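Trainee: To be precise about what I am sending: the file is called run.txt and holds compact mmCIF, C-alpha atoms.
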```
# COMPACT_ATOMS: atom_id res chain seq x y z
CA MET A 1 -8.62 37.34 16.25
CA THR A 2 -9.29 35.27 19.34
CA HIS A 3 -8.20 31.81 18.26
CA SER A 4 -9.20 30.16 21.52
CA GLY A 5 -12.82 31.12 21.21
CA GLY A 6 -14.71 34.26 20.34
CA VAL A 7 -18.26 35.42 20.02
CA ALA A 8 -20.32 33.05 17.93
CA ALA A 9 -21.70 34.50 14.72
CA ALA A 10 -25.02 32.76 15.20
CA ALA A 11 -26.74 30.16 17.31
CA PRO A 12 -25.43 26.63 16.59
CA GLN A 13 -28.68 25.58 14.90
CA SER A 14 -28.61 28.67 12.67
CA ARG A 15 -24.96 28.36 11.70
CA ASN A 16 -25.33 24.63 11.03
CA TYR A 17 -28.24 25.41 8.69
CA VAL A 18 -26.10 27.93 6.80
CA LEU A 19 -23.26 25.40 6.66
CA GLY A 20 -25.76 22.91 5.22
CA LEU A 21 -26.78 25.31 2.45
CA LEU A 22 -23.15 26.04 1.63
CA PHE A 23 -22.50 22.30 1.60
CA LEU A 24 -25.23 21.95 -1.05
CA LEU A 25 -23.74 24.85 -3.00
CA ASN A 26 -20.35 23.11 -2.95
CA ILE A 27 -21.87 19.80 -4.11
CA LEU A 28 -23.30 21.59 -7.13
CA LEU A 29 -20.06 23.50 -7.73
CA VAL A 30 -18.05 20.27 -7.77
CA LEU A 31 -20.71 18.32 -9.69
CA ASP A 32 -20.92 20.85 -12.51
CA LYS A 33 -17.12 20.86 -12.61
CA ILE A 34 -16.60 17.08 -12.74
CA VAL A 35 -19.69 15.94 -14.65
CA PHE A 36 -17.67 16.11 -17.87
CA VAL A 37 -15.28 13.35 -16.74
CA ILE A 38 -17.98 10.69 -17.27
CA LEU A 39 -18.97 12.25 -20.60
CA LEU A 40 -15.57 12.52 -22.31
CA GLU A 41 -15.87 9.40 -24.44
CA PRO A 42 -19.33 10.15 -25.96
CA ILE A 43 -18.40 13.83 -26.46
CA LYS A 44 -15.15 12.75 -28.13
CA LYS A 45 -17.08 10.42 -30.43
CA GLU A 46 -19.76 12.96 -31.38
CA PHE A 47 -17.40 15.87 -32.08
CA GLN A 48 -14.38 13.72 -33.15
CA LEU A 49 -11.95 15.31 -30.69
CA THR A 50 -8.39 14.47 -29.65
CA ASP A 51 -7.32 13.83 -26.04
CA ILE A 52 -5.66 17.23 -25.81
CA GLN A 53 -8.90 18.89 -26.97
CA LEU A 54 -10.78 16.97 -24.30
CA GLY A 55 -8.23 18.13 -21.73
CA VAL A 56 -8.70 21.74 -22.82
CA LEU A 57 -12.48 21.39 -22.63
CA THR A 58 -12.45 19.66 -19.25
CA GLY A 59 -9.81 21.83 -17.65
CA LEU A 60 -7.92 24.57 -19.42
CA VAL A 61 -10.44 27.14 -20.68
CA TYR A 62 -12.95 26.47 -17.91
CA ALA A 63 -10.20 26.77 -15.32
CA LEU A 64 -8.59 29.85 -16.85
CA LEU A 65 -11.87 31.75 -16.69
CA MET A 66 -12.73 30.49 -13.21
CA GLY A 67 -9.26 31.31 -11.94
CA ALA A 68 -9.22 34.77 -13.53
CA ALA A 69 -12.61 35.63 -12.06
CA ALA A 70 -11.97 34.18 -8.58
CA VAL A 71 -9.87 37.04 -7.21
CA PRO A 72 -12.19 39.86 -8.45
CA PHE A 73 -15.14 37.94 -6.98
CA GLY A 74 -13.18 37.49 -3.75
CA ILE A 75 -12.48 41.22 -3.55
CA ALA A 76 -16.17 41.94 -4.20
CA ALA A 77 -17.17 39.49 -1.46
CA ASP A 78 -14.87 41.24 1.04
CA ARG A 79 -16.69 44.49 0.28
CA GLY A 80 -20.29 43.41 -0.32
CA ASN A 81 -22.98 40.88 0.53
CA ARG A 82 -21.50 37.40 0.22
CA ARG A 83 -24.85 35.60 0.42
CA ASN A 84 -26.22 37.48 -2.60
CA LEU A 85 -23.03 36.96 -4.60
CA ALA A 86 -22.92 33.22 -3.93
CA ALA A 87 -26.60 32.71 -4.77
CA LEU A 88 -26.41 34.75 -7.99
CA CYS A 89 -23.33 32.87 -9.15
CA LEU A 90 -24.94 29.51 -8.34
CA GLY A 91 -27.97 30.35 -10.46
CA ALA A 92 -25.78 31.59 -13.30
CA TRP A 93 -23.46 28.60 -13.55
CA SER A 94 -26.41 26.21 -13.31
CA GLY A 95 -28.05 27.88 -16.32
CA LEU A 96 -24.80 27.70 -18.26
CA THR A 97 -24.43 24.00 -17.47
CA ALA A 98 -27.77 23.56 -19.22
CA ALA A 99 -26.38 25.57 -22.14
CA CYS A 100 -23.50 23.06 -22.37
CA GLY A 101 -26.08 20.34 -22.85
CA MET A 102 -27.63 22.21 -25.77
CA ALA A 103 -24.36 22.95 -27.62
CA GLN A 104 -24.34 21.89 -31.27
CA ASN A 105 -20.60 21.93 -31.86
CA PHE A 106 -17.28 22.00 -30.01
CA TRP A 107 -17.00 25.80 -29.97
CA GLN A 108 -20.47 26.32 -28.51
CA LEU A 109 -19.69 23.74 -25.85
CA LEU A 110 -16.39 25.45 -25.14
CA LEU A 111 -17.99 28.90 -24.73
CA ALA A 112 -20.71 27.59 -22.40
CA ARG A 113 -18.08 25.73 -20.37
CA MET A 114 -16.13 28.98 -20.02
CA GLY A 115 -19.28 30.64 -18.67
CA VAL A 116 -19.69 27.89 -16.08
CA GLY A 117 -16.14 28.59 -14.92
CA ILE A 118 -16.83 32.31 -14.49
CA GLY A 119 -20.03 31.64 -12.55
CA GLU A 120 -18.41 29.12 -10.21
CA ALA A 121 -15.63 31.60 -9.38
CA GLY A 122 -17.95 33.57 -7.07
CA GLY A 123 -19.41 30.69 -5.08
CA GLY A 124 -16.35 29.24 -3.38
CA PRO A 125 -14.61 32.38 -2.03
CA ALA A 126 -17.86 33.76 -0.58
CA ALA A 127 -18.70 30.41 1.03
CA LEU A 128 -15.29 30.00 2.71
CA SER A 129 -15.46 33.52 4.12
CA ILE A 130 -18.97 32.97 5.49
CA ILE A 131 -17.91 29.73 7.21
CA ALA A 132 -14.92 31.49 8.77
CA ASP A 133 -17.33 34.05 10.28
CA LEU A 134 -19.54 31.31 11.72
CA PHE A 135 -16.95 29.00 13.29
CA GLU A 136 -14.01 30.00 15.48
CA HIS A 137 -10.44 28.96 14.67
CA ARG A 138 -10.38 25.89 16.93
CA LYS A 139 -13.47 24.43 15.16
CA ARG A 140 -12.88 25.88 11.71
CA ALA A 141 -11.12 22.88 10.14
CA THR A 142 -13.98 20.60 11.20
CA ALA A 143 -16.53 22.99 9.66
CA MET A 144 -14.43 23.18 6.50
CA ALA A 145 -14.33 19.37 6.50
CA VAL A 146 -18.13 19.29 6.39
CA PHE A 147 -18.05 21.79 3.51
CA SER A 148 -15.43 19.65 1.74
CA LEU A 149 -17.56 16.52 2.04
CA ALA A 150 -19.34 17.92 -0.98
CA THR A 151 -16.54 16.63 -3.21
CA PRO A 152 -17.07 12.89 -2.58
CA MET A 153 -20.84 13.40 -2.49
CA ALA A 154 -20.70 15.05 -5.90
CA ALA A 155 -18.57 12.15 -7.15
CA LEU A 156 -21.17 9.71 -5.82
CA LEU A 157 -24.02 11.53 -7.57
CA ASN A 158 -21.99 11.74 -10.75
CA LEU A 159 -21.20 8.04 -10.81
CA MET A 160 -24.48 6.63 -9.51
CA VAL A 161 -26.92 9.01 -11.18
CA GLY A 162 -24.99 10.78 -13.93
CA THR A 163 -23.73 7.57 -15.53
CA GLN A 164 -27.25 6.13 -15.60
CA ILE A 165 -28.74 9.25 -17.19
CA SER A 166 -25.92 9.36 -19.73
CA HIS A 167 -26.40 5.71 -20.66
CA ALA A 168 -30.18 5.97 -20.95
CA TYR A 169 -30.62 9.43 -22.43
CA GLY A 170 -27.22 10.67 -23.59
CA TRP A 171 -24.62 13.18 -22.43
CA ARG A 172 -26.82 16.20 -23.16
CA ALA A 173 -29.56 15.02 -20.80
CA THR A 174 -26.94 14.49 -18.07
CA LEU A 175 -25.88 18.14 -18.27
CA LEU A 176 -29.48 19.37 -18.30
CA ALA A 177 -30.30 17.27 -15.22
CA ALA A 178 -27.20 18.56 -13.39
CA SER A 179 -28.33 22.16 -13.89
CA VAL A 180 -31.76 21.96 -12.19
CA PRO A 181 -30.84 21.68 -8.45
CA GLY A 182 -28.74 24.84 -8.58
CA ILE A 183 -31.77 27.05 -9.23
CA VAL A 184 -33.57 25.55 -6.21
CA VAL A 185 -30.62 26.00 -3.84
CA ALA A 186 -30.00 29.56 -5.07
CA LEU A 187 -33.60 30.48 -4.21
CA LEU A 188 -33.27 28.87 -0.76
CA MET A 189 -30.17 30.94 -0.09
CA PHE A 190 -31.93 34.17 -1.07
CA LEU A 191 -35.04 33.44 0.96
CA THR A 192 -33.75 31.76 4.13
CA MET A 193 -30.07 32.61 4.66
CA LYS A 194 -28.66 35.70 6.37
CA GLU A 195 -25.29 37.38 5.91
CA PRO A 196 -23.17 36.83 9.07
CA ARG A 197 -21.37 39.70 10.79
CA ARG A 198 -17.72 40.00 9.77
CA GLY A 199 -15.22 38.64 12.29
CA SER A 200 -17.80 37.64 14.87
CA ALA A 201 -16.40 34.14 15.33
CA ASP A 202 -13.03 35.66 16.25
CA GLY A 203 -14.31 38.42 18.52
CA VAL A 204 -13.32 41.13 16.02
CA ARG A 205 -15.71 44.09 16.11
CA GLY A 206 -13.89 47.00 14.52
CA ALA A 207 -12.84 45.69 11.10
CA THR A 208 -15.49 47.46 9.06
CA LYS A 209 -13.55 48.30 5.89
CA ALA A 210 -11.62 46.00 3.58
CA PRO A 211 -7.98 47.07 3.02
CA PRO A 212 -6.77 47.96 -0.49
CA LEU A 213 -5.83 44.99 -2.65
CA LEU A 214 -2.14 45.94 -2.67
CA GLU A 215 -2.07 45.93 1.13
CA THR A 216 -3.75 42.53 1.20
CA LEU A 217 -1.26 41.09 -1.28
CA ARG A 218 1.69 42.48 0.68
CA PHE A 219 0.39 40.92 3.88
CA ILE A 220 -0.14 37.56 2.17
CA ALA A 221 3.39 37.67 0.75
CA SER A 222 4.76 38.36 4.24
CA GLN A 223 3.12 35.21 5.64
CA ARG A 224 5.70 32.49 4.90
CA ALA A 225 3.40 29.72 6.07
CA LEU A 226 0.64 30.95 3.78
CA VAL A 227 2.97 31.21 0.77
CA HIS A 228 4.17 27.61 1.27
CA LEU A 229 0.59 26.51 1.81
CA LEU A 230 -0.45 28.06 -1.51
CA MET A 231 2.51 26.45 -3.30
CA GLY A 232 1.63 23.04 -1.88
CA ALA A 233 -2.00 23.57 -2.87
CA LEU A 234 -0.98 24.51 -6.41
CA LEU A 235 1.00 21.30 -6.92
CA SER A 236 -1.62 19.13 -5.23
CA TYR A 237 -4.37 20.61 -7.39
CA VAL A 238 -2.42 19.90 -10.59
CA THR A 239 -2.10 16.26 -9.50
CA LEU A 240 -5.69 15.91 -8.29
CA ALA A 241 -7.28 17.65 -11.26
CA GLY A 242 -5.06 15.98 -13.81
CA ILE A 243 -5.55 12.40 -12.68
CA SER A 244 -9.19 12.67 -11.59
CA SER A 245 -10.21 14.15 -14.94
CA TRP A 246 -8.87 11.06 -16.72
CA HIS A 247 -9.71 8.48 -14.05
CA PHE A 248 -12.75 7.08 -15.80
CA SER A 249 -11.27 7.14 -19.28
CA PHE A 250 -8.45 5.06 -17.77
CA PHE A 251 -10.98 2.50 -16.51
CA VAL A 252 -12.75 2.35 -19.86
CA ARG A 253 -9.55 2.01 -21.88
CA SER A 254 -7.63 -0.34 -19.57
CA PHE A 255 -10.43 -2.63 -18.38
CA HIS A 256 -13.04 -2.10 -21.12
CA VAL A 257 -15.78 -1.52 -18.52
CA LYS A 258 -18.99 0.38 -19.12
CA LEU A 259 -19.42 3.27 -16.69
CA ASN A 260 -23.18 2.79 -16.44
CA GLU A 261 -22.52 -0.75 -15.18
CA VAL A 262 -19.65 -0.05 -12.77
CA GLY A 263 -20.72 3.50 -11.85
CA PRO A 264 -22.58 2.49 -8.64
CA GLN A 265 -19.58 0.46 -7.43
CA LEU A 266 -17.18 3.27 -8.22
CA GLY A 267 -19.49 5.85 -6.68
CA LEU A 268 -19.79 3.99 -3.38
CA ALA A 269 -16.05 3.29 -3.20
CA PHE A 270 -15.03 6.85 -4.04
CA CYS A 271 -17.65 8.32 -1.72
CA LEU A 272 -16.67 6.08 1.21
CA PHE A 273 -12.97 6.90 0.97
CA GLY A 274 -13.64 10.55 0.14
CA LEU A 275 -16.06 11.16 3.02
CA THR A 276 -13.72 9.46 5.46
CA SER A 277 -10.66 11.35 4.26
CA ASN A 278 -12.29 14.78 4.13
CA PHE A 279 -13.98 14.57 7.51
CA LEU A 280 -11.09 12.94 9.36
CA SER A 281 -8.58 15.45 8.04
CA GLY A 282 -10.49 18.38 9.50
CA LEU A 283 -11.32 16.59 12.75
CA ILE A 284 -7.76 15.34 13.26
CA ALA A 285 -6.33 18.77 12.45
CA ASP A 286 -8.49 20.47 15.09
CA ARG A 287 -7.74 17.76 17.67
CA LEU A 288 -3.97 17.55 17.18
CA ALA A 289 -3.64 21.33 16.90
CA LYS A 290 -4.60 21.55 20.58
CA ARG A 291 -1.16 20.09 21.27
CA ASP A 292 0.71 21.91 18.51
CA GLU A 293 -0.66 24.15 15.73
CA ARG A 294 1.95 22.76 13.36
CA TRP A 295 0.00 19.50 13.11
CA ARG A 296 -2.40 21.31 10.77
CA ALA A 297 0.38 21.47 8.20
CA TRP A 298 2.06 18.17 9.08
CA ILE A 299 -1.03 16.08 8.31
CA MET A 300 -1.31 17.78 4.91
CA ALA A 301 2.30 16.81 4.16
CA LEU A 302 1.69 13.20 5.23
CA GLY A 303 -1.40 12.98 3.00
CA ALA A 304 0.49 14.27 -0.04
CA LEU A 305 3.29 11.75 0.46
CA ALA A 306 0.90 8.83 0.99
CA SER A 307 -0.83 9.54 -2.32
CA VAL A 308 2.21 8.45 -4.37
CA PRO A 309 2.33 4.72 -3.49
CA LEU A 310 -1.48 4.51 -3.71
CA CYS A 311 -1.40 5.94 -7.23
CA LEU A 312 1.34 3.54 -8.31
CA GLY A 313 -0.70 0.70 -6.83
CA PHE A 314 -3.90 1.37 -8.74
CA VAL A 315 -2.11 2.25 -11.98
CA TRP A 316 -0.28 -1.08 -12.17
CA ALA A 317 -2.87 -3.36 -10.55
CA GLN A 318 -3.91 -6.17 -12.88
CA ASP A 319 -7.47 -6.85 -11.70
CA TRP A 320 -10.52 -4.60 -11.66
CA ALA A 321 -11.41 -4.88 -7.94
CA THR A 322 -7.91 -3.96 -6.75
CA THR A 323 -7.73 -1.07 -9.19
CA MET A 324 -11.12 0.26 -8.10
CA TYR A 325 -10.40 0.25 -4.36
CA LEU A 326 -6.84 1.54 -4.64
CA SER A 327 -7.95 4.33 -6.97
CA ALA A 328 -10.73 5.28 -4.53
CA ALA A 329 -8.21 5.33 -1.67
CA PHE A 330 -5.89 7.45 -3.82
CA ALA A 331 -8.67 9.94 -4.59
CA GLY A 332 -9.52 10.15 -0.90
CA ILE A 333 -5.96 10.75 0.29
CA CYS A 334 -5.45 13.34 -2.46
CA MET A 335 -8.14 15.43 -0.75
CA PHE A 336 -6.76 14.95 2.77
CA TRP A 337 -5.14 18.36 2.77
CA LEU A 338 -8.22 20.33 1.62
CA SER A 339 -10.08 20.92 4.90
CA PRO A 340 -7.02 22.00 6.96
CA ALA A 341 -5.88 24.19 4.06
CA TYR A 342 -9.26 25.90 3.70
CA ALA A 343 -9.28 26.61 7.43
CA LEU A 344 -5.69 27.82 7.64
CA THR A 345 -5.96 30.19 4.69
CA GLN A 346 -8.85 31.87 6.51
CA SER A 347 -7.00 32.03 9.83
CA LEU A 348 -3.70 33.30 8.42
CA VAL A 349 -5.18 36.58 7.14
CA ALA A 350 -7.19 39.42 8.64
CA VAL A 351 -10.99 39.20 8.69
CA ARG A 352 -11.54 41.57 5.75
CA MET A 353 -9.02 39.67 3.61
CA ARG A 354 -10.73 36.29 3.84
CA SER A 355 -12.74 36.30 0.63
CA THR A 356 -9.73 37.65 -1.26
CA ILE A 357 -7.41 34.87 -0.04
CA ALA A 358 -10.17 32.36 -0.83
CA GLY A 359 -10.30 33.84 -4.33
CA ILE A 360 -6.54 33.41 -4.64
CA LEU A 361 -6.86 29.80 -3.47
CA PHE A 362 -9.54 29.17 -6.10
CA LEU A 363 -7.33 30.84 -8.70
CA VAL A 364 -4.53 28.44 -7.75
CA ALA A 365 -6.94 25.51 -7.81
CA ASN A 366 -8.57 26.27 -11.11
CA MET A 367 -6.43 28.46 -13.35
CA ILE A 368 -3.34 26.43 -12.48
CA GLY A 369 -4.63 23.12 -11.09
CA TYR A 370 -7.51 22.46 -13.47
CA GLY A 371 -5.95 24.61 -16.16
CA ILE A 372 -2.72 22.62 -16.28
CA GLY A 373 -3.63 19.21 -14.82
CA PRO A 374 -6.06 17.74 -17.40
CA PRO A 375 -4.20 19.06 -20.49
CA LEU A 376 -0.89 17.90 -18.96
CA VAL A 377 -2.15 14.34 -18.51
CA GLY A 378 -3.76 14.42 -21.96
CA ALA A 379 -0.55 15.66 -23.59
CA LEU A 380 1.56 13.07 -21.74
CA SER A 381 -0.90 10.36 -22.77
CA ASP A 382 -0.63 11.41 -26.43
CA LEU A 383 3.17 11.47 -26.09
CA PHE A 384 3.42 8.01 -24.50
CA ALA A 385 0.88 6.52 -26.93
CA VAL A 386 3.65 6.23 -29.54
CA GLY A 387 5.65 3.72 -27.51
CA SER A 388 3.27 2.52 -24.79
CA GLY A 389 0.01 2.14 -26.67
CA SER A 390 -2.83 1.35 -24.27
CA ASP A 391 -0.52 2.00 -21.29
CA SER A 392 -0.15 5.68 -22.20
CA LEU A 393 -2.50 6.93 -19.46
CA ARG A 394 -0.70 4.74 -16.91
CA MET A 395 2.60 6.41 -17.74
CA ALA A 396 0.98 9.86 -17.69
CA PHE A 397 -0.45 9.20 -14.19
CA VAL A 398 2.93 8.02 -12.85
CA CYS A 399 4.67 11.19 -14.07
CA THR A 400 1.95 13.49 -12.73
CA VAL A 401 1.64 12.05 -9.20
CA MET A 402 5.31 12.78 -8.50
CA LEU A 403 4.31 16.44 -8.11
CA ASN A 404 2.79 15.48 -4.75
CA LEU A 405 6.27 14.80 -3.35
CA TRP A 406 7.07 18.44 -4.05
CA ALA A 407 3.74 19.51 -2.54
CA GLY A 408 4.47 17.57 0.64
CA LEU A 409 7.73 19.50 1.05
CA HIS A 410 5.89 22.83 0.87
CA PHE A 411 3.29 21.71 3.42
CA PHE A 412 6.10 20.73 5.78
CA LEU A 413 7.87 24.07 5.27
CA ALA A 414 4.58 25.85 6.04
CA SER A 415 4.59 24.31 9.51
CA ARG A 416 7.86 26.04 10.41
CA ALA A 417 6.35 29.55 10.33
CA LEU A 418 2.76 28.63 11.18
CA ARG A 419 2.56 29.71 14.83
CA LYS A 420 4.29 33.03 14.18
CA ASP A 421 2.09 33.83 11.19
CA LEU A 422 -1.14 32.99 13.04
CA ALA A 423 -0.05 35.48 15.68
CA ALA A 424 0.64 38.09 12.98
CA ALA A 425 -2.89 37.73 11.60
CA GLN A 426 -4.29 38.08 15.12
CA ALA A 427 -2.22 41.21 15.70
CA MET A 428 -3.38 42.78 12.44
CA ASP A 429 -7.04 42.31 13.36
CA ALA A 430 -6.38 43.71 16.83
CA GLY A 431 -4.76 46.77 15.28
CA THR A 432 -7.63 47.28 12.85
CA ALA A 433 -10.22 46.96 15.61
CA GLY A 434 -8.31 49.39 17.71
```
Could you spell out this file's structure in structure tokens?
Mentor:
Amino acid sequence: MTHSGGVAAAAPQSRNYVLGLLFLLNILLVLDKIVFVILLEPIKKEFQLTDIQLGVLTGLVYALLMGAAAVPFGIAADRGNRRNLAALCLGAWSGLTAACGMAQNFWQLLLARMGVGIGEAGGGPAALSIIADLFEHRKRATAMAVFSLATPMAALLNLMVGTQISHAYGWRATLLAASVPGIVVALLMFLTMKEPRRGSADGVRGATKAPPLLETLRFIASQRALVHLLMGALLSYVTLAGISSWHFSFFVRSFHVKLNEVGPQLGLAFCLFGLTSNFLSGLIADRLAKRDERWRAWIMALGALASVPLCLGFVWAQDWATTMYLSAAFAGICMFWLSPAYALTQSLVAVRMRSTIAGILFLVANMIGYGIGPPLVGALSDLFAVGSGSDSLRMAFVCTVMLNLWAGLHFFLASRALRKDLAAAQAMDAGTAG
């Protein structure tokens, strides 16, 4: 693994086009994941659900299925055609999002939501592995930052377009509309995108066979920096998923706003802070890492720590404008670690382990992050409702964000073994090629 350069996987124009398609795939992955957060109140009203049921619907069952399927899909991507897998999964989860919009009761909605989770499990791991084969280590965090920009863009679409469709035509129409673009992008991937050669961005030419899963897991466990990185990601995902899933219910309950009226303002604010945070994190990581590789982990730790005062600020702000901008800044800083983490997880393992580690990262994100986060906040809100009334979500947010202090510690500990573990991954690829 030649971290200082390597043979490019494709011409810049070609690899940027592929990155653009994967960016669109990620927008749709995130959009179909988060579209429910603007629909919780009408769904709750129609099916007469509790907050914990909404948390299960938004996070737990969807996330459990996505997390459980992520590692098998990652293993399959390390052994097969990643382009085909990603496109097939995109088409599948888009169709199942439409099925959510046609559900006639809670259980039908739950089953369709579970199917969306399974479908999305194959898109992310394949995409991260493809990007790692197109961009060398020194540019990888910046490329991952572009990929990660899909998150704020999806939030913008959800708030500016989704809220308007929901207000005018109902929550079912919103889900049906969200499903259509996925079919188009899946076809574009099949017809115009090529599978890159494994390891070409790192100058690796001999790694033609994926190692057994047990060998991959042993190597991952031996990488102290990677283990701490995954632990930090786990805690950060619980915080991010938990609070973001209830963000808009908090606005509705605390300020009695209508999302179709404030959606454009929220969308622009969240998108501005999110785009800035995602892109700068990758760019800064690649720039500062030229001085010291440990900066890739240090900036993740700083972002996790900074999220705590921002959350406390928006939770206890008394006016709408302050709450909106502080909450957008909080959402942005909560994603500050994503791009460097995506890049490092790919660089800390051998070439033929990349989709598998991406699958593990998606398992952590979804089975644990989205599986625990939304139900945790919902359960805490129900618990605090007895004594705090309308402040119950505020108290739930305050408790949940403290997990980011723990996450910041793990990101810092990852920096201590980072340089040694990057060298170990390089040595493993050199041995395989030899």
Trainee: Around the point (-19.9, 15.4, 5.1), in the coordinates given by the file, pick out the residues reaching within 9 Å, counting all atoms listed in the file, and return them as a ChimeraX atom specification.
Mentor: /A:23,145-150,152-153,275-276,278-279
Trainee: Place a sphere of radius 12 Å on (-18.6, 42.6, 0.2) in the file coordinates and name every protein, DNA or RNA residue with an atom inside or on its surface, counting all atoms listed in the file; give the answer as a count of residues only.
Mentor: 34
Trainee: Expressed in Å to a single decimal, how great is the separation between atom CA of A:His167 and atom CA of A:Leu109?
Mentor: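 Here the two named atoms are 19.9 Å from each other.
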Trainee: Could you tell me which of A:Val252, A:Ala379, A:Leu305, A:Ile118 comes closest to A:Gly408 if we count only C-alpha atoms?
Mentor: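 That would be A:Leu305, the residue with the smallest distance to A:Gly408.
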Trainee: If you measure from atom CA of A:Asn158 to atom CA of A:Ile34, what distance in Å do you get, rounded to one decimal?
Mentor: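 Result for atom CA of A:Asn158 versus atom CA of A:Ile34: 7.8 Å, one decimal.
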Trainee: Could you name the residues that touch A:Leu49 at 10 Å or less, counting only C-alpha atoms, but leaving out those on the same chain fewer than 5 positions away, as a list in words?
Mentor: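 Non-adjacent residues within range: Leu40, Glu41, Ile43, Lys44, Leu54 and Phe106 of chain A.
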Trainee: Could you please determine the separation between atom CA of A:Ala98 and atom CA of A:Gly267 in Å, to one decimal place?
Mentor: 23.2 Å
Trainee: Quick one: residues within 9 Å of stretch 236-239 of chain A, only C-alpha atoms counted, chain neighbours fewer than 2 positions away excluded, as a ChimeraX atom specification?
Mentor: /A:231-234,241-244,304,334-335,337,364-366,368-374,376,397,400-404,406-408
Trainee: Leaving out A:Phe248 and any residue of its chain fewer than 3 positions from it, which residues lie within 10 Å of it when counting only C-alpha atoms, given as JSON, numbers by chain?
Mentor: {"A": [37, 38, 39, 40, 41, 159, 243, 244, 245, 251, 252, 253, 254, 257, 258, 259, 263, 266]}
Trainee: Please write the residues from the selection above to a file, keeping C-alpha atoms, as a PDB file, in the frame of the given file.
Mentor:
```pdb
ATOM      1  CA  VAL A  37     -15.280  13.350 -16.740  1.00  0.00           C
ATOM      2  CA  ILE A  38     -17.980  10.690 -17.270  1.00  0.00           C
ATOM      3  CA  LEU A  39     -18.970  12.250 -20.600  1.00  0.00           C
ATOM      4  CA  LEU A  40     -15.570  12.520 -22.310  1.00  0.00           C
ATOM      5  CA  GLU A  41     -15.870   9.400 -24.440  1.00  0.00           C
ATOM      6  CA  LEU A 159     -21.200   8.040 -10.810  1.00  0.00           C
ATOM      7  CA  ILE A 243      -5.550  12.400 -12.680  1.00  0.00           C
ATOM      8  CA  SER A 244      -9.190  12.670 -11.590  1.00  0.00           C
ATOM      9  CA  SER A 245     -10.210  14.150 -14.940  1.00  0.00           C
ATOM     10  CA  PHE A 251     -10.980   2.500 -16.510  1.00  0.00           C
ATOM     11  CA  VAL A 252     -12.750   2.350 -19.860  1.00  0.00           C
ATOM     12  CA  ARG A 253      -9.550   2.010 -21.880  1.00  0.00           C
ATOM     13  CA  SER A 254      -7.630  -0.340 -19.570  1.00  0.00           C
ATOM     14  CA  VAL A 257     -15.780  -1.520 -18.520  1.00  0.00           C
ATOM     15  CA  LYS A 258     -18.990   0.380 -19.120  1.00  0.00           C
ATOM     16  CA  LEU A 259     -19.420   3.270 -16.690  1.00  0.00           C
ATOM     17  CA  GLY A 263     -20.720   3.500 -11.850  1.00  0.00           C
ATOM     18  CA  LEU A 266     -17.180   3.270  -8.220  1.00  0.00           C
TER      19      LEU A 266
END
```
Trainee: A:Leu348: which residues within 10 Å, counting only C-alpha atoms, same-chain residues fewer than 2 positions away excluded, as an MDAnalysis selection string?
Mentor: chainID A and resid 219:220 223 225:226 343:346 350:351 353:354 357 418:426
Trainee: Residues within 10 Å of A:Ser166, please, as a PyMOL selection string. Count all atoms listed in the file; anything in the same chain fewer than 2 positions from it doesn't count.
Mentor: chain A and resi 38-39+42+161-164+168-175+259-260
Trainee: Can you write just those residues out, C-alpha atoms, as a PDB file, in the coordinates of the input?
Mentor:
```pdb
ATOM      1  CA  ILE A  38     -17.980  10.690 -17.270  1.00  0.00           C
ATOM      2  CA  LEU A  39     -18.970  12.250 -20.600  1.00  0.00           C
ATOM      3  CA  PRO A  42     -19.330  10.150 -25.960  1.00  0.00           C
ATOM      4  CA  VAL A 161     -26.920   9.010 -11.180  1.00  0.00           C
ATOM      5  CA  GLY A 162     -24.990  10.780 -13.930  1.00  0.00           C
ATOM      6  CA  THR A 163     -23.730   7.570 -15.530  1.00  0.00           C
ATOM      7  CA  GLN A 164     -27.250   6.130 -15.600  1.00  0.00           C
ATOM      8  CA  ALA A 168     -30.180   5.970 -20.950  1.00  0.00           C
ATOM      9  CA  TYR A 169     -30.620   9.430 -22.430  1.00  0.00           C
ATOM     10  CA  GLY A 170     -27.220  10.670 -23.590  1.00  0.00           C
ATOM     11  CA  TRP A 171     -24.620  13.180 -22.430  1.00  0.00           C
ATOM     12  CA  ARG A 172     -26.820  16.200 -23.160  1.00  0.00           C
ATOM     13  CA  ALA A 173     -29.560  15.020 -20.800  1.00  0.00           C
ATOM     14  CA  THR A 174     -26.940  14.490 -18.070  1.00  0.00           C
ATOM     15  CA  LEU A 175     -25.880  18.140 -18.270  1.00  0.00           C
ATOM     16  CA  LEU A 259     -19.420   3.270 -16.690  1.00  0.00           C
ATOM     17  CA  ASN A 260     -23.180   2.790 -16.440  1.00  0.00           C
TER      18      ASN A 260
END
```
